[in-house]
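Novice: Quick one: this structure, given as structure tokens, is what I'll be asking you about.
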Amino acid sequence: SNWDPRYVPQYLGGTLKPDDSHMVEVKDGETIKDVDIRLARFEGVTVSGRIEGVTANPRGSGYVVTLTSETIGNTYQNTYQTYGAEPAFAIRHVPPGTYKLRYGRGNPRPGDLFALLNVEVADRDVRDLVVTPHVVQPVDLEGQVVVREGGPPGPWMVYLRPPSGLGVTAHMNEDGSFVAQGLLPEHYSVQTTLNTRALQGKTAASGYVV
């Protein structure tokens with residue numbers, strides 16, 4: 001409960017992101033010792049700005065802005081949050097990295113106010129950011145599944161999975177095209193899955209979409 005937030009998740013070698021120069025190779029039957037990770041405090045910088053076009057929080061519970069770093073896939077780490085009664089924010093002790101700055105609830109609903117910005121943090125404060133929320137409206141996503149070796153894609157299903165909550169399933173047409181309906185603002189992992197009866201000798205595929 002008294003953890004110092006300046007000690008952030010780190011990789012071997014004292015880096016905040018994977019570094020190939022510190023790869024650890026383990027051979028069959030081999031024991032590797034002394035692979036020590038020494039945590040260092042990152043004083044970080046301040047990320048600040050204002051929320052534009054919002055005169056009152058729609059739920060009357062203050063303005064919440066979250067800054068989250070994204071790692072491989074849809075796994076998240078290093079989440080910073082600020083809360084206030086005024087439409088302004090200042091998040092301190094943020095280490096270098098690429099972040100998503102978010103205004104709005106974790107699982108937005110139609111009619112909610114929501115905003116998402118890309119923020120690059122280096123060794124200086126990031127100030128005067130302007131966050132302009134918009135009203136959440138469902139959208140449709142069209143796509144197509146193509147088999148690398150050619151030929152018809154087969155009886156696939158496409159599933160869009162958000163970091164939390166329920167996902168959306170889209171059924172494919174014979175040409176591999178599909179439409180995922182009613183998507184709300186979020187990061188989704190896109191997975192294609194065969195019917196169990198047609199799964200033999202096939203491989204599922206995955207990707208990511210925003």
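In the structure tokens, chains take the letters A, B, ... in the order shown, each chain's residues start at 1, and ligands count up from 1 in the order shown.
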When you look at A:Ser177 with a cut-off of 9 Å (counting only C-alpha atoms), what residues show up, excluding the ones that are within fewer than 3 positions of it in the same chain? I need them as a PDB file with N, CA and C atoms, in the first residue's frame.

Specialist:
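The file below, out_25.pdb, is the result:
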ATOM      1  N   GLU A 142     -15.922  -2.758 -41.371  1.00  0.00           N
ATOM      2  CA  GLU A 142     -15.943  -3.723 -42.473  1.00  0.00           C
ATOM      3  C   GLU A 142     -14.532  -4.249 -42.723  1.00  0.00           C
ATOM      4  N   GLY A 143     -14.434  -5.501 -43.086  1.00  0.00           N
ATOM      5  CA  GLY A 143     -13.133  -6.097 -43.374  1.00  0.00           C
ATOM      6  C   GLY A 143     -13.282  -7.358 -44.206  1.00  0.00           C
ATOM      7  N   GLN A 144     -12.170  -8.001 -44.455  1.00  0.00           N
ATOM      8  CA  GLN A 144     -12.170  -9.226 -45.251  1.00  0.00           C
ATOM      9  C   GLN A 144     -11.032 -10.129 -44.787  1.00  0.00           C
ATOM     10  N   VAL A 145     -11.300 -11.400 -44.695  1.00  0.00           N
ATOM     11  CA  VAL A 145     -10.302 -12.400 -44.350  1.00  0.00           C
ATOM     12  C   VAL A 145      -9.800 -13.030 -45.640  1.00  0.00           C
ATOM     13  N   VAL A 146      -8.472 -13.024 -45.817  1.00  0.00           N
ATOM     14  CA  VAL A 146      -7.849 -13.574 -47.021  1.00  0.00           C
ATOM     15  C   VAL A 146      -6.894 -14.693 -46.607  1.00  0.00           C
ATOM     16  N   HIS A 171     -20.031 -12.683 -38.501  1.00  0.00           N
ATOM     17  CA  HIS A 171     -20.011 -13.850 -39.370  1.00  0.00           C
ATOM     18  C   HIS A 171     -19.549 -13.441 -40.770  1.00  0.00           C
ATOM     19  N   MET A 172     -18.760 -14.298 -41.384  1.00  0.00           N
ATOM     20  CA  MET A 172     -18.188 -13.984 -42.679  1.00  0.00           C
ATOM     21  C   MET A 172     -19.089 -14.449 -43.812  1.00  0.00           C
ATOM     22  N   ASN A 173     -18.997 -13.729 -44.932  1.00  0.00           N
ATOM     23  CA  ASN A 173     -19.621 -14.155 -46.174  1.00  0.00           C
ATOM     24  C   ASN A 173     -18.699 -15.120 -46.908  1.00  0.00           C
ATOM     25  N   GLU A 174     -19.181 -15.681 -48.000  1.00  0.00           N
ATOM     26  CA  GLU A 174     -18.395 -16.665 -48.735  1.00  0.00           C
ATOM     27  C   GLU A 174     -17.097 -16.090 -49.274  1.00  0.00           C
TER      28      GLU A 174
END

Novice: Show me, as a tab-separated table, the residues of stretch 91-187 of chain A having an atom within 12 Å of stretch 41-56 of chain A, each with the closest atom pair and its distance in Å, using only C-alpha atoms.

Specialist:
residue	atom	partner	partner_atom	distance
A:Ile91	CA	A:Val47	CA	5.1
A:Arg92	CA	A:Thr46	CA	4.3
A:His93	CA	A:Gly44	CA	4.2
A:Val94	CA	A:Gly44	CA	4.5
A:Pro95	CA	A:Gly44	CA	4.3
A:Pro96	CA	A:Gly44	CA	6.9
A:Gly97	CA	A:Gly44	CA	10.2
A:Tyr99	CA	A:Val47	CA	10.7
A:Lys100	CA	A:Val47	CA	11.7
A:Leu101	CA	A:Val47	CA	9.6
A:Arg102	CA	A:Ile51	CA	10.8
A:Tyr103	CA	A:Ile51	CA	8.4
A:Gly104	CA	A:Ile51	CA	11.0
A:Asp112	CA	A:Val54	CA	12.0
A:Leu113	CA	A:Val54	CA	8.9
A:Phe114	CA	A:Ile51	CA	10.7
A:Ala115	CA	A:Ile51	CA	9.4
A:Leu116	CA	A:Ile51	CA	11.6
A:Leu117	CA	A:Ile51	CA	11.9
A:Val119	CA	A:Val47	CA	9.0
A:Glu120	CA	A:Val47	CA	10.0
A:Val121	CA	A:Val45	CA	7.9
A:Ala122	CA	A:Val45	CA	8.1
A:Asp123	CA	A:Val45	CA	6.7
A:Arg124	CA	A:Val45	CA	6.0
A:Asp125	CA	A:Thr46	CA	4.9
A:Val126	CA	A:Val47	CA	4.7
A:Arg127	CA	A:Ser48	CA	4.9
A:Asp128	CA	A:Gly49	CA	4.4
A:Leu129	CA	A:Gly49	CA	4.2
A:Val130	CA	A:Arg50	CA	5.3
A:Val131	CA	A:Ile51	CA	4.7
A:Thr132	CA	A:Glu52	CA	5.0
A:Pro133	CA	A:Glu52	CA	7.3
A:His134	CA	A:Gly53	CA	9.2
A:Val135	CA	A:Val54	CA	11.2

Novice: Find the spatial neighbours of A:Tyr11, counting only C-alpha atoms, within a cut-off of 12 Å - ignore same-chain residues fewer than 4 positions away - and output them as a ChimeraX atom specification.

Specialist: /A:15-24,35-40

Novice: Step one, run DSSP on the backbone; step two, keep only residues of stretch 23-180 of chain A assigned to strand (DSSP E); then write them as a PyMOL selection string.

Specialist: chain A and resi 45-51+63-70+76-84+88-94+97-103+113-121+126-131+134-135+139-144+156-161+168-171+177-180

Novice: Excluding A:Leu166 and residues on its chain fewer than 4 positions from it, collect all residues at most 12 Å away from it, counting only C-alpha atoms, and give them as a list in words.

Specialist: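 Residues meeting the cut-off are Asn107, Tyr159, Leu160, Arg161, Pro162, Leu183, Leu184, Glu186 and Tyr188 of chain A.
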
Novice: Kindly export the residues of the current selection with N, CA and C atoms, as a tab-separated table (two decimals), in the first residue's frame.

Specialist:
chain	number	residue	atom	x	y	z
A	107	ASN	N	-15.51	1.57	-20.00
A	107	ASN	CA	-16.32	0.95	-21.04
A	107	ASN	C	-17.38	1.96	-21.47
A	159	TYR	N	-13.94	-12.34	-34.36
A	159	TYR	CA	-14.29	-11.88	-33.01
A	159	TYR	C	-13.42	-10.70	-32.64
A	160	LEU	N	-14.03	-9.59	-32.24
A	160	LEU	CA	-13.31	-8.40	-31.80
A	160	LEU	C	-13.41	-8.31	-30.29
A	161	ARG	N	-12.25	-8.39	-29.63
A	161	ARG	CA	-12.20	-8.48	-28.18
A	161	ARG	C	-11.59	-7.20	-27.59
A	162	PRO	N	-12.33	-6.46	-26.77
A	162	PRO	CA	-11.76	-5.29	-26.09
A	162	PRO	C	-10.96	-5.74	-24.88
A	183	LEU	N	-19.70	-1.15	-32.80
A	183	LEU	CA	-18.49	-1.00	-32.03
A	183	LEU	C	-18.43	0.37	-31.36
A	184	LEU	N	-17.93	0.40	-30.13
A	184	LEU	CA	-17.74	1.64	-29.40
A	184	LEU	C	-16.25	1.96	-29.32
A	186	GLU	N	-12.65	1.99	-28.56
A	186	GLU	CA	-11.82	1.12	-27.73
A	186	GLU	C	-10.74	0.49	-28.59
A	188	TYR	N	-9.28	-2.99	-29.87
A	188	TYR	CA	-9.80	-4.35	-30.03
A	188	TYR	C	-8.72	-5.26	-30.60

Novice: Counting only C-alpha atoms, figure out which residue out of A:Thr169, A:Thr192, A:Thr98, A:Gln10 gets nearest to A:Gly154.

Specialist: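 Once distances to A:Gly154 are computed over only C-alpha atoms, the minimum belongs to A:Thr192.
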
Novice: Record the distance separating atom CA of A:Pro153 and atom CA of A:Leu194, expressed in Å with one decimal.

Specialist: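 Here the two named atoms are 9.5 Å from each other.
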
Novice: Provide the atom CA of A:Pro5 to atom CA of A:Pro87 distance in Å, to one decimal place.

Specialist: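 The value is 24.6 Å.
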